[in-house]
file structure.txt (compact mmCIF, C-alpha atoms)
# COMPACT_ATOMS: atom_id res chain seq x y z
CA MET A 531 -17.59 165.63 5.55
CA ILE A 532 -20.78 166.02 7.62
CA HIS A 533 -20.81 164.09 10.91
CA ILE A 534 -24.26 163.54 12.43
CA ASP A 535 -26.11 161.14 14.70
CA LEU A 536 -28.88 160.20 12.29
CA LEU A 537 -29.39 160.45 8.54
CA VAL A 538 -32.97 160.05 7.34
CA VAL A 539 -33.32 159.41 3.62
CA GLY A 540 -36.69 160.69 2.46
CA ALA A 541 -39.09 163.26 3.95
CA GLY A 542 -42.36 161.49 3.30
CA PRO A 543 -44.71 160.35 6.09
CA ALA A 544 -42.26 157.67 7.27
CA GLY A 545 -39.17 159.86 7.18
CA LEU A 546 -40.79 162.82 8.95
CA CYS A 547 -42.00 160.57 11.77
CA ALA A 548 -38.71 158.66 11.90
CA ALA A 549 -36.73 161.78 12.81
CA GLN A 550 -38.83 162.64 15.84
CA ALA A 551 -37.49 160.26 18.49
CA VAL A 552 -33.83 161.18 17.96
CA GLY A 553 -34.66 164.85 17.43
CA ALA A 554 -36.72 165.00 20.62
CA ALA A 555 -33.82 163.42 22.53
CA GLY A 556 -31.52 166.23 21.40
CA GLY A 557 -29.63 164.30 18.73
CA SER A 558 -28.38 165.74 15.47
CA VAL A 559 -30.59 164.65 12.57
CA LEU A 560 -30.27 165.38 8.85
CA ILE A 561 -33.30 164.62 6.66
CA LEU A 562 -32.64 164.62 2.92
CA GLU A 563 -35.53 164.84 0.44
CA ARG A 564 -34.90 164.72 -3.29
CA GLY A 565 -38.11 166.64 -4.10
CA ASN A 566 -38.55 170.37 -3.81
CA VAL A 567 -41.03 170.13 -0.93
CA PRO A 568 -41.15 167.79 2.08
CA GLY A 569 -44.12 165.56 2.82
CA GLY A 570 -43.86 162.96 0.08
CA GLN A 571 -47.24 161.60 -0.98
CA LEU A 572 -48.97 163.52 1.81
CA VAL A 573 -48.73 166.85 -0.01
CA LYS A 574 -50.97 165.62 -2.84
CA GLN A 575 -53.47 163.68 -0.74
CA THR A 576 -56.58 165.82 -0.42
CA HIS A 577 -58.80 163.10 1.08
CA MET A 578 -59.37 162.64 4.80
CA PHE A 579 -57.42 159.81 6.43
CA PHE A 580 -58.92 156.74 8.06
CA GLY A 581 -57.35 154.94 11.01
CA SER A 582 -57.34 156.45 14.48
CA GLU A 583 -56.53 159.77 16.12
CA LYS A 584 -52.91 158.63 16.44
CA GLN A 585 -52.68 158.43 12.64
CA TYR A 586 -54.44 161.80 12.22
CA ALA A 587 -57.79 160.36 11.17
CA SER A 588 -60.15 162.99 9.67
CA TYR A 589 -57.18 165.17 8.63
CA ARG A 590 -56.28 165.63 4.98
CA GLY A 591 -52.87 164.47 3.80
CA PHE A 592 -51.41 167.91 3.09
CA ASP A 593 -52.49 169.09 6.57
CA ILE A 594 -50.76 166.08 8.15
CA ALA A 595 -47.56 166.98 6.32
CA ASP A 596 -47.68 170.48 7.82
CA ILE A 597 -48.25 169.05 11.32
CA LEU A 598 -45.27 166.68 11.05
CA ILE A 599 -42.98 169.36 9.62
CA ASP A 600 -43.94 171.83 12.35
CA LYS A 601 -43.04 169.24 15.00
CA LEU A 602 -39.56 168.88 13.55
CA LYS A 603 -39.06 172.65 13.29
CA ALA A 604 -39.39 172.79 17.07
CA MET A 605 -36.40 170.43 17.46
CA PRO A 606 -33.14 172.44 17.21
CA GLY A 607 -30.99 169.45 16.25
CA VAL A 608 -33.07 168.53 13.19
CA THR A 609 -32.16 169.85 9.73
CA LEU A 610 -34.41 169.20 6.73
CA LYS A 611 -33.00 169.67 3.23
CA THR A 612 -35.02 169.49 0.00
CA ASN A 613 -33.54 169.18 -3.50
CA ALA A 614 -31.18 166.71 -1.85
CA THR A 615 -30.64 163.32 -3.47
CA VAL A 616 -28.75 160.60 -1.64
CA LEU A 617 -26.51 159.02 -4.25
CA ALA A 618 -24.75 156.09 -2.64
CA ALA A 619 -23.93 154.14 0.49
CA TYR A 620 -20.33 152.95 0.91
CA ASP A 621 -18.93 150.05 2.92
CA ASN A 622 -16.88 152.44 5.09
CA GLY A 623 -20.05 153.97 6.52
CA VAL A 624 -19.98 157.08 4.32
CA TRP A 625 -23.10 158.15 2.41
CA SER A 626 -22.93 160.64 -0.45
CA ALA A 627 -25.56 163.12 -1.61
CA GLU A 628 -26.15 165.98 -4.02
CA ILE A 629 -27.58 168.93 -2.09
CA ASP A 630 -28.55 172.02 -4.09
CA GLY A 631 -26.18 170.92 -6.84
CA ALA A 632 -23.19 170.32 -4.56
CA TYR A 633 -21.60 166.93 -3.85
CA VAL A 634 -21.54 166.16 -0.12
CA GLN A 635 -20.22 163.26 1.97
CA ILE A 636 -22.00 162.32 5.19
CA TYR A 637 -20.81 160.11 8.03
CA PRO A 638 -23.88 159.22 10.13
CA LYS A 639 -23.87 157.04 13.21
CA ALA A 640 -27.25 155.63 12.15
CA VAL A 641 -29.41 155.74 9.02
CA ILE A 642 -33.13 155.35 8.46
CA VAL A 643 -34.01 154.61 4.83
CA ALA A 644 -37.51 155.89 4.06
CA THR A 645 -37.20 156.32 0.31
CA GLY A 646 -40.76 155.29 -0.53
CA ALA A 647 -41.71 153.48 -3.73
CA SER A 648 -41.94 153.91 -7.50
CA GLU A 649 -44.95 153.27 -9.69
CA LYS A 650 -45.23 150.04 -11.66
CA SER A 651 -46.45 150.02 -15.22
CA THR A 652 -47.99 147.43 -17.52
CA PRO A 653 -47.15 146.56 -21.14
CA PHE A 654 -49.56 147.17 -24.02
CA PRO A 655 -49.24 148.70 -27.50
CA GLY A 656 -49.10 152.47 -27.30
CA ASN A 657 -48.16 152.68 -23.62
CA ASP A 658 -45.49 155.27 -24.48
CA LEU A 659 -47.91 157.77 -26.04
CA PRO A 660 -48.19 161.23 -24.48
CA GLY A 661 -51.31 161.07 -22.35
CA VAL A 662 -50.47 157.75 -20.67
CA PHE A 663 -49.74 158.60 -17.03
CA GLY A 664 -48.98 156.92 -13.76
CA ALA A 665 -51.61 157.64 -11.10
CA GLY A 666 -49.04 159.44 -8.98
CA ALA A 667 -48.17 161.77 -11.85
CA VAL A 668 -51.84 162.66 -12.35
CA GLN A 669 -52.24 163.29 -8.62
CA THR A 670 -49.17 165.53 -8.63
CA LEU A 671 -50.45 167.57 -11.58
CA MET A 672 -53.87 168.09 -10.00
CA ASN A 673 -53.24 168.43 -6.31
CA GLN A 674 -49.74 169.86 -6.15
CA TYR A 675 -49.62 172.08 -9.24
CA GLY A 676 -53.32 172.75 -9.89
CA ILE A 677 -53.21 171.47 -13.48
CA LYS A 678 -56.18 169.65 -14.99
CA PRO A 679 -54.50 166.65 -16.66
CA ALA A 680 -57.19 165.79 -19.22
CA ASP A 681 -60.88 165.92 -20.09
CA ARG A 682 -61.66 162.20 -20.52
CA VAL A 683 -59.73 159.56 -18.58
CA VAL A 684 -59.63 155.77 -18.35
CA MET A 685 -58.23 154.42 -15.07
CA VAL A 686 -56.41 151.08 -15.00
CA GLY A 687 -56.30 149.59 -11.50
CA TRP A 688 -58.79 149.59 -8.67
CA GLY A 689 -56.65 149.57 -5.59
CA ASN A 690 -56.99 152.49 -3.19
CA ILE A 691 -54.75 154.74 -5.28
CA GLY A 692 -56.72 154.10 -8.46
CA LEU A 693 -60.06 154.65 -6.75
CA ILE A 694 -59.00 157.76 -4.85
CA VAL A 695 -57.35 159.39 -7.86
CA SER A 696 -60.44 158.62 -9.95
CA TYR A 697 -62.62 160.47 -7.45
CA GLN A 698 -60.18 163.38 -7.35
CA LEU A 699 -60.31 163.54 -11.15
CA LEU A 700 -64.09 163.84 -10.93
CA GLN A 701 -63.68 166.64 -8.39
CA ALA A 702 -61.40 168.43 -10.88
CA GLY A 703 -64.07 168.27 -13.57
CA VAL A 704 -62.59 165.33 -15.50
CA ASN A 705 -64.89 162.71 -17.03
CA VAL A 706 -63.75 159.29 -15.77
CA LEU A 707 -64.96 156.91 -18.47
CA ALA A 708 -64.22 153.67 -16.62
CA VAL A 709 -62.12 152.05 -13.91
CA LEU A 710 -60.65 148.69 -14.96
CA GLY A 711 -59.68 145.83 -12.66
CA ARG A 712 -58.01 142.59 -13.74
CA SER A 713 -59.52 140.42 -11.00
CA GLY A 714 -63.09 139.72 -9.98
CA LYS A 715 -62.92 141.65 -6.72
CA ILE A 716 -62.21 145.32 -6.05
CA GLY A 717 -58.77 145.74 -4.53
CA GLY A 718 -59.31 148.98 -2.59
CA TYR A 719 -61.70 150.01 0.16
CA LEU A 720 -65.33 149.70 -0.88
CA VAL A 721 -66.07 153.16 0.51
CA HIS A 722 -63.91 154.64 -2.28
CA ALA A 723 -65.53 152.46 -4.95
CA SER A 724 -69.00 153.35 -3.70
CA LYS A 725 -68.33 157.06 -4.19
CA LEU A 726 -67.42 156.41 -7.82
CA ARG A 727 -70.50 154.27 -8.39
CA ARG A 728 -72.73 156.98 -6.98
CA MET A 729 -71.15 159.36 -9.51
CA GLY A 730 -72.01 156.95 -12.32
CA VAL A 731 -68.48 155.75 -13.11
CA PRO A 732 -68.42 152.20 -14.56
CA ILE A 733 -66.17 149.87 -12.55
CA LEU A 734 -65.36 146.91 -14.80
CA ALA A 735 -64.13 143.66 -13.30
CA GLN A 736 -61.84 141.34 -15.30
CA HIS A 737 -61.03 144.06 -17.84
CA SER A 738 -57.76 145.51 -19.05
CA VAL A 739 -56.26 147.63 -21.82
CA LYS A 740 -55.69 146.00 -25.19
CA SER A 741 -54.06 149.10 -26.70
CA ALA A 742 -53.63 152.85 -26.39
CA ASN A 743 -54.34 154.50 -29.73
CA GLY A 744 -53.18 157.74 -31.33
CA THR A 745 -50.46 159.34 -33.41
CA ASP A 746 -48.78 162.22 -31.60
CA ARG A 747 -50.85 161.75 -28.44
CA LEU A 748 -53.46 159.48 -26.92
CA GLU A 749 -56.78 159.64 -28.76
CA SER A 750 -58.59 156.49 -27.62
CA VAL A 751 -58.21 153.35 -25.52
CA THR A 752 -59.22 149.85 -26.59
CA ILE A 753 -60.26 147.74 -23.61
CA TRP A 754 -61.32 144.11 -23.48
CA GLN A 755 -62.57 141.49 -21.08
CA LEU A 756 -60.20 138.93 -19.53
CA ASP A 757 -60.75 135.20 -19.14
CA LYS A 758 -59.99 133.18 -16.01
CA ASN A 759 -56.32 133.08 -17.03
CA ALA A 760 -56.18 136.89 -17.33
CA GLN A 761 -55.95 136.67 -21.13
CA GLY A 762 -57.90 139.00 -23.40
CA ILE A 763 -61.05 137.58 -24.99
CA PRO A 764 -61.29 138.42 -28.71
CA GLY A 765 -64.61 139.95 -29.64
CA THR A 766 -65.09 141.77 -26.32
CA GLU A 767 -63.18 144.89 -27.36
CA LYS A 768 -64.60 148.37 -26.73
CA VAL A 769 -63.04 151.65 -27.84
CA LEU A 770 -63.24 154.60 -25.44
CA GLU A 771 -62.36 158.06 -26.75
CA ALA A 772 -60.00 159.49 -24.14
CA ASP A 773 -57.14 161.97 -23.90
CA ALA A 774 -55.58 160.35 -20.84
CA LEU A 775 -54.98 156.82 -19.62
CA CYS A 776 -54.04 156.53 -15.97
CA ILE A 777 -52.09 153.47 -14.77
CA SER A 778 -52.43 152.40 -11.15
CA VAL A 779 -51.16 148.83 -10.97
CA GLY A 780 -49.05 148.93 -7.83
CA LEU A 781 -45.79 150.22 -6.41
CA SER A 782 -42.28 148.83 -5.98
CA PRO A 783 -40.13 149.69 -2.93
CA LEU A 784 -37.16 151.92 -3.73
CA SER A 785 -34.48 149.69 -2.26
CA GLU A 786 -31.35 150.55 -4.28
CA LEU A 787 -29.57 152.19 -1.35
CA LEU A 788 -30.26 149.18 0.85
CA TRP A 789 -28.68 146.91 -1.76
CA GLN A 790 -25.65 149.21 -1.93
CA ALA A 791 -25.31 149.27 1.84
CA GLY A 792 -25.16 145.48 1.90
CA CYS A 793 -28.39 144.76 3.76
CA LYS A 794 -29.78 141.25 3.53
CA MET A 795 -32.60 141.44 0.97
CA ALA A 796 -35.58 139.30 0.03
CA TYR A 797 -38.14 139.34 -2.79
CA ILE A 798 -41.58 139.49 -1.16
CA PRO A 799 -44.44 139.94 -3.68
CA ALA A 800 -46.90 140.86 -0.91
CA LEU A 801 -44.67 143.84 -0.02
CA GLY A 802 -44.22 144.99 -3.62
CA GLY A 803 -40.82 143.53 -4.52
CA HIS A 804 -37.33 143.46 -3.02
CA VAL A 805 -37.14 144.68 0.57
CA ALA A 806 -34.54 144.59 3.31
CA CYS A 807 -34.98 141.80 5.82
CA ARG A 808 -35.82 143.23 9.23
CA ASP A 809 -37.06 142.39 12.72
CA GLU A 810 -40.33 143.64 14.18
CA PHE A 811 -38.61 146.87 15.29
CA LEU A 812 -37.45 147.60 11.70
CA ARG A 813 -33.78 146.85 12.35
CA THR A 814 -32.02 145.48 9.26
CA SER A 815 -29.14 143.01 9.06
CA ILE A 816 -26.74 145.96 9.40
CA PRO A 817 -26.93 147.19 13.02
CA ASN A 818 -27.03 150.94 12.29
CA ILE A 819 -29.46 150.85 9.33
CA PHE A 820 -33.24 150.91 9.80
CA ILE A 821 -36.14 151.05 7.35
CA ALA A 822 -39.65 152.47 7.34
CA GLY A 823 -42.58 153.17 5.04
CA ASP A 824 -42.95 151.92 1.48
CA ALA A 825 -39.22 151.17 1.30
CA ALA A 826 -39.95 148.46 3.87
CA GLY A 827 -43.06 147.23 2.01
CA VAL A 828 -45.85 149.05 0.21
CA GLU A 829 -48.74 150.05 2.50
CA GLU A 830 -50.91 153.05 3.29
CA ALA A 831 -49.48 156.35 4.55
CA SER A 832 -50.95 155.71 8.02
CA ALA A 833 -48.83 152.57 8.38
CA ALA A 834 -45.80 154.46 7.02
CA MET A 835 -46.10 157.05 9.81
CA VAL A 836 -46.27 154.38 12.50
CA GLU A 837 -43.33 152.51 11.00
CA GLY A 838 -41.41 155.79 10.98
CA GLN A 839 -42.04 156.14 14.71
CA MET A 840 -40.88 152.56 15.28
CA ALA A 841 -37.70 152.99 13.22
CA GLY A 842 -36.96 156.26 15.02
CA LEU A 843 -37.25 154.55 18.40
CA SER A 844 -34.89 151.80 17.25
CA ALA A 845 -32.37 154.33 15.95
CA ALA A 846 -32.54 156.29 19.20
CA GLU A 847 -31.93 153.09 21.17
CA TYR A 848 -28.96 152.20 18.97
CA LEU A 849 -27.50 155.69 19.48
CA GLY A 850 -27.74 155.26 23.24
CA TYR A 851 -30.42 157.83 24.00
CA ASP A 852 -32.62 157.33 27.03
CA ILE A 853 -36.13 156.95 25.62
CA PRO A 854 -38.84 157.05 28.33
CA ASP A 855 -41.14 154.02 28.20
CA LEU A 856 -39.37 152.58 25.16
CA ASP A 857 -41.03 149.18 25.46
CA ALA A 858 -44.46 150.73 25.93
CA GLN A 859 -43.98 152.98 22.90
CA ARG A 860 -42.90 150.04 20.78
CA GLN A 861 -45.88 147.95 21.85
CA ASP A 862 -48.16 150.87 21.03
CA CYS A 863 -46.67 151.07 17.53
CA LEU A 864 -47.16 147.34 17.03
CA ALA A 865 -50.77 147.60 18.19
CA GLN A 866 -51.41 150.46 15.75
CA LEU A 867 -49.91 148.50 12.87
CA ASN A 868 -51.98 145.44 13.74
CA SER A 869 -55.15 147.54 13.69
CA LEU A 870 -54.25 148.97 10.28
CA ARG A 871 -53.40 145.60 8.72
CA HIS A 872 -56.86 144.08 8.52
CA GLY A 873 -58.79 142.19 5.85
CA ALA A 874 -57.34 140.09 3.04
CA VAL A 875 -54.78 142.74 2.03
CA GLY A 876 -53.62 143.16 5.61
CA GLU A 877 -53.24 139.42 6.03
CA ARG A 878 -51.02 139.26 2.94
CA ILE A 879 -48.89 142.12 4.25
CA VAL A 880 -48.49 140.45 7.65
CA ALA A 881 -47.48 137.18 5.97
CA GLY A 882 -45.03 139.09 3.77
CA ILE A 883 -43.46 140.81 6.77
CA LYS A 884 -42.98 137.46 8.48
CA SER A 885 -41.24 136.16 5.36
CA ALA A 886 -38.92 139.18 5.43
CA GLY A 887 -37.96 138.65 9.07
CA LEU A 888 -34.35 138.27 10.07

call {"tool": "encode", "arguments": {"input": "structure.txt", "output": "structure tokens"}}
result
Amino acid sequence: MIHIDLLVVGAGPAGLCAAQAVGAAGGSVLILERGNVPGGQLVKQTHMFFGSEKQYASYRGFDIADILIDKLKAMPGVTLKTNATVLAAYDNGVWSAEIDGAYVQIYPKAVIVATGASEKSTPFPGNDLPGVFGAGAVQTLMNQYGIKPADRVVMVGWGNIGLIVSYQLLQAGVNVLAVLGRSGKIGGYLVHASKLRRMGVPILAQHSVKSANGTDRLESVTIWQLDKNAQGIPGTEKVLEADALCISVGLSPLSELLWQAGCKMAYIPALGGHVACRDEFLRTSIPNIFIAGDAAGVEEASAAMVEGQMAGLSAAEYLGYDIPDLDAQRQDCLAQLNSLRHGAVGERIVAGIKSAGL
């Protein structure tokens, strides 16, 4: 049995930032990451971040990951383990994990769940053909492993992930045939869409996939226009010869451990699905469990880092550590989050968070 002050589940942007407050105060912290490298989505984000200096604006994602990891390395009480999957949370306060193939039980005084999110998909004939990818899988192949995923790609979804991955595909020498969006308005930042338009990529509003076609692998994609009820319009079909179809239709918070732990949960569409109810300081209905990042509601990595800081401060307070200027630090985090949550998407997120309040 491992006894520690704080268990952080997930070493993405939220988890890495969440460990800092307790680690800086001299507490014992164990960060468990199921992947083989820490950093989460940051390690495959080659674009420069927006936001402010506090969210590492103008730095690329993989550089931010290195900065956050280096900060934790300077804290002697912090241990970061990769290839470590948290398996379950029990009602006696014990959490179990598989670390390097060994079963381990952990008894933490506090837990921050920063498990991130999983990709959603969409149903259509042929969506199980080899060559149909999630956007995150394509980004991993290109930016983490240096593998060109295809020669001709159709992108489904025009949120920030779909737009950014489309541009990264172009940078890798892939022909992006089209970006499809179901609504009449681009969902991501216009700066990302503008880069694609300058490169000659068609961005098609109110379009979707009718079918993915092929025998042993994807050979073409049939797209069609949607009516006002988001139904396909017969006669508008076009066939695009492609060897990859990339799906970027949203993310769902990975909340299984929070269900197991007995946290009060709520289904909030604006946050991506089921999330743990929380207060503004990211404290759940269970006093020693805190949440941060996409597990708390799907947003950008910049917001995940700030939420990690907030959750870390709350965990440190719960553990009884003296945190200088705690109220001022919390207000600064809230101000940063407010500045990041702007526009129509930000308004929906804010409304969703209010609905998930304790």

call {"tool": "closest_residue", "arguments": {"input": "structure.txt", "among": "A:Ala742, A:Leu843, A:Val643, A:Leu784", "to": "A:Ala554", "atoms": "all atoms listed in the file"}}
result
A:Leu843

call {"tool": "residues_near_point", "arguments": {"input": "structure.txt", "point": "(-52.4, 163.0, -9.9)", "cutoff": "12 Å", "atoms": "all atoms listed in the file", "output": "PyMOL selection string"}}
result
chain A and resi 571+573-576+663-680+683+685+691-702+704+774-778

call {"tool": "axis_aligned_box", "arguments": {"input": "structure.txt", "around": "stretch 567-577 of chain A", "padding_each_side": "5 Å", "output": "JSON"}}
result
{"center_x": -49.9, "center_y": 165.9, "center_z": 0.0, "size_x": 27.8, "size_y": 18.5, "size_z": 15.7}

call {"tool": "atom_distance", "arguments": {"input": "structure.txt", "atom1": "atom CA of A:Ala708", "atom2": "atom CA of A:Ser832"}}
result
28.1 Å

call {"tool": "residues_around", "arguments": {"input": "structure.txt", "residues": "A:Val805", "least_positions_apart": "3", "cutoff": "6 Å", "atoms": "all atoms listed in the file", "output": "PyMOL selection string"}}
result
chain A and resi 795-796+826

call {"tool": "closest_residue", "arguments": {"input": "structure.txt", "among": "A:Lys768, A:Lys884, A:Arg590, A:Lys601", "to": "A:Val739", "atoms": "only C-alpha atoms"}}
result
A:Lys768

call {"tool": "closest_residue", "arguments": {"input": "structure.txt", "among": "A:Ile733, A:Glu837, A:Glu829, A:Gly545", "to": "A:His872", "atoms": "only C-alpha atoms"}}
result
A:Glu829

call {"tool": "residues_around", "arguments": {"input": "structure.txt", "residues": "A:Asp746", "least_positions_apart": "4", "cutoff": "10 Å", "atoms": "all atoms listed in the file", "output": "list in words"}}
result
Leu659, Pro660 and Gly661 of chain A

call {"tool": "closest_residue", "arguments": {"input": "structure.txt", "among": "A:Ser582, A:Ser741, A:Ser648, A:Ser588", "to": "A:Ser782", "atoms": "all atoms listed in the file"}}
result
A:Ser648

call {"tool": "residues_around", "arguments": {"input": "structure.txt", "residues": "stretch 715-729 of chain A", "least_positions_apart": "2", "cutoff": "6 Å", "atoms": "only C-alpha atoms", "output": "list in words"}}
result
Trp688, Gly689, Asn690, Leu693, Ser713 and Val731 of chain A

call {"tool": "closest_residue", "arguments": {"input": "structure.txt", "among": "A:Ile561, A:Met840, A:Ile534, A:Ala881", "to": "A:Ile821", "atoms": "only C-alpha atoms"}}
result
A:Met840

call {"tool": "atom_distance", "arguments": {"input": "structure.txt", "atom1": "atom CA of A:Ile816", "atom2": "atom CA of A:Pro543"}}
result
23.3 Å

call {"tool": "closest_residue", "arguments": {"input": "structure.txt", "among": "A:Leu536, A:Arg871, A:Ala806, A:Asp596", "to": "A:Asn818", "atoms": "all atoms listed in the file"}}
result
A:Leu536

call {"tool": "residues_near_point", "arguments": {"input": "structure.txt", "point": "(-37.8, 158.2, 0.9)", "cutoff": "8 Å", "atoms": "all atoms listed in the file", "output": "PyMOL selection string"}}
result
chain A and resi 539-542+544-545+563+570+643-647+784+825

call {"tool": "residues_around", "arguments": {"input": "structure.txt", "residues": "A:Thr615", "least_positions_apart": "6", "cutoff": "8 Å", "atoms": "all atoms listed in the file", "output": "NGL selection string"}}
result
:A and (562-564 or 627-629)

call {"tool": "write_last_selection", "arguments": {"input": "structure.txt", "atoms": "C-alpha atoms", "output": "CSV table (one decimal), keeping the file's coordinate frame"}}
result
chain,number,residue,atom,x,y,z
A,562,LEU,CA,-32.6,164.6,2.9
A,563,GLU,CA,-35.5,164.8,0.4
A,564,ARG,CA,-34.9,164.7,-3.3
A,627,ALA,CA,-25.6,163.1,-1.6
A,628,GLU,CA,-26.2,166.0,-4.0
A,629,ILE,CA,-27.6,168.9,-2.1

call {"tool": "atom_distance", "arguments": {"input": "structure.txt", "atom1": "atom CA of A:Leu888", "atom2": "atom CA of A:Leu856"}}
result
21.4 Å

call {"tool": "residues_around", "arguments": {"input": "structure.txt", "residues": "A:His804", "least_positions_apart": "3", "cutoff": "12 Å", "atoms": "all atoms listed in the file", "output": "PyMOL selection string"}}
result
chain A and resi 647+781-789+793-801+807+824-828+882-883+885-886

call {"tool": "build_atoms", "arguments": {"input": "structure.txt", "residues": "stretch 652-668 of chain A", "atoms": "N, CA, C and O atoms", "output": "PDB file, in the coordinates of the input"}}
result
ATOM      1  N   THR A 652     -47.518 148.674 -16.915  1.00  0.00           N
ATOM      2  CA  THR A 652     -47.990 147.430 -17.520  1.00  0.00           C
ATOM      3  C   THR A 652     -47.817 147.548 -19.026  1.00  0.00           C
ATOM      4  O   THR A 652     -48.008 148.628 -19.598  1.00  0.00           O
ATOM      5  N   PRO A 653     -47.415 146.470 -19.706  1.00  0.00           N
ATOM      6  CA  PRO A 653     -47.150 146.560 -21.140  1.00  0.00           C
ATOM      7  C   PRO A 653     -48.408 146.427 -21.993  1.00  0.00           C
ATOM      8  O   PRO A 653     -49.262 145.578 -21.731  1.00  0.00           O
ATOM      9  N   PHE A 654     -48.523 147.276 -22.995  1.00  0.00           N
ATOM     10  CA  PHE A 654     -49.560 147.170 -24.020  1.00  0.00           C
ATOM     11  C   PHE A 654     -49.148 148.085 -25.167  1.00  0.00           C
ATOM     12  O   PHE A 654     -48.389 149.043 -24.963  1.00  0.00           O
ATOM     13  N   PRO A 655     -49.601 147.822 -26.376  1.00  0.00           N
ATOM     14  CA  PRO A 655     -49.240 148.700 -27.500  1.00  0.00           C
ATOM     15  C   PRO A 655     -49.694 150.128 -27.243  1.00  0.00           C
ATOM     16  O   PRO A 655     -50.823 150.380 -26.837  1.00  0.00           O
ATOM     17  N   GLY A 656     -48.780 151.059 -27.468  1.00  0.00           N
ATOM     18  CA  GLY A 656     -49.100 152.470 -27.300  1.00  0.00           C
ATOM     19  C   GLY A 656     -48.904 152.995 -25.894  1.00  0.00           C
ATOM     20  O   GLY A 656     -49.267 154.138 -25.609  1.00  0.00           O
ATOM     21  N   ASN A 657     -48.288 152.211 -25.005  1.00  0.00           N
ATOM     22  CA  ASN A 657     -48.160 152.680 -23.620  1.00  0.00           C
ATOM     23  C   ASN A 657     -47.133 153.793 -23.447  1.00  0.00           C
ATOM     24  O   ASN A 657     -46.972 154.333 -22.355  1.00  0.00           O
ATOM     25  N   ASP A 658     -46.442 154.161 -24.551  1.00  0.00           N
ATOM     26  CA  ASP A 658     -45.490 155.270 -24.480  1.00  0.00           C
ATOM     27  C   ASP A 658     -46.042 156.548 -25.113  1.00  0.00           C
ATOM     28  O   ASP A 658     -45.312 157.537 -25.259  1.00  0.00           O
ATOM     29  N   LEU A 659     -47.315 156.567 -25.459  1.00  0.00           N
ATOM     30  CA  LEU A 659     -47.910 157.770 -26.040  1.00  0.00           C
ATOM     31  C   LEU A 659     -48.051 158.875 -24.992  1.00  0.00           C
ATOM     32  O   LEU A 659     -48.359 158.585 -23.827  1.00  0.00           O
ATOM     33  N   PRO A 660     -47.838 160.125 -25.384  1.00  0.00           N
ATOM     34  CA  PRO A 660     -48.190 161.230 -24.480  1.00  0.00           C
ATOM     35  C   PRO A 660     -49.674 161.134 -24.107  1.00  0.00           C
ATOM     36  O   PRO A 660     -50.528 160.932 -24.971  1.00  0.00           O
ATOM     37  N   GLY A 661     -49.939 161.245 -22.829  1.00  0.00           N
ATOM     38  CA  GLY A 661     -51.310 161.070 -22.350  1.00  0.00           C
ATOM     39  C   GLY A 661     -51.475 159.804 -21.529  1.00  0.00           C
ATOM     40  O   GLY A 661     -52.513 159.606 -20.891  1.00  0.00           O
ATOM     41  N   VAL A 662     -50.462 158.934 -21.538  1.00  0.00           N
ATOM     42  CA  VAL A 662     -50.470 157.750 -20.670  1.00  0.00           C
ATOM     43  C   VAL A 662     -49.664 158.101 -19.428  1.00  0.00           C
ATOM     44  O   VAL A 662     -48.468 158.383 -19.503  1.00  0.00           O
ATOM     45  N   PHE A 663     -50.338 158.130 -18.285  1.00  0.00           N
ATOM     46  CA  PHE A 663     -49.740 158.600 -17.030  1.00  0.00           C
ATOM     47  C   PHE A 663     -49.738 157.509 -15.966  1.00  0.00           C
ATOM     48  O   PHE A 663     -50.586 156.612 -15.987  1.00  0.00           O
ATOM     49  N   GLY A 664     -48.835 157.634 -15.015  1.00  0.00           N
ATOM     50  CA  GLY A 664     -48.980 156.920 -13.760  1.00  0.00           C
ATOM     51  C   GLY A 664     -49.948 157.691 -12.868  1.00  0.00           C
ATOM     52  O   GLY A 664     -50.087 158.918 -12.983  1.00  0.00           O
ATOM     53  N   ALA A 665     -50.634 156.979 -11.980  1.00  0.00           N
ATOM     54  CA  ALA A 665     -51.610 157.640 -11.100  1.00  0.00           C
ATOM     55  C   ALA A 665     -50.960 158.710 -10.246  1.00  0.00           C
ATOM     56  O   ALA A 665     -51.552 159.768  -9.992  1.00  0.00           O
ATOM     57  N   GLY A 666     -49.737 158.457  -9.802  1.00  0.00           N
ATOM     58  CA  GLY A 666     -49.040 159.440  -8.980  1.00  0.00           C
ATOM     59  C   GLY A 666     -48.749 160.722  -9.746  1.00  0.00           C
ATOM     60  O   GLY A 666     -48.826 161.824  -9.189  1.00  0.00           O
ATOM     61  N   ALA A 667     -48.431 160.592 -11.037  1.00  0.00           N
ATOM     62  CA  ALA A 667     -48.170 161.770 -11.850  1.00  0.00           C
ATOM     63  C   ALA A 667     -49.435 162.607 -12.004  1.00  0.00           C
ATOM     64  O   ALA A 667     -49.401 163.844 -11.920  1.00  0.00           O
ATOM     65  N   VAL A 668     -50.563 161.949 -12.226  1.00  0.00           N
ATOM     66  CA  VAL A 668     -51.840 162.660 -12.350  1.00  0.00           C
ATOM     67  C   VAL A 668     -52.177 163.378 -11.044  1.00  0.00           C
ATOM     68  O   VAL A 668     -52.605 164.542 -11.039  1.00  0.00           O
TER      69      VAL A 668
END
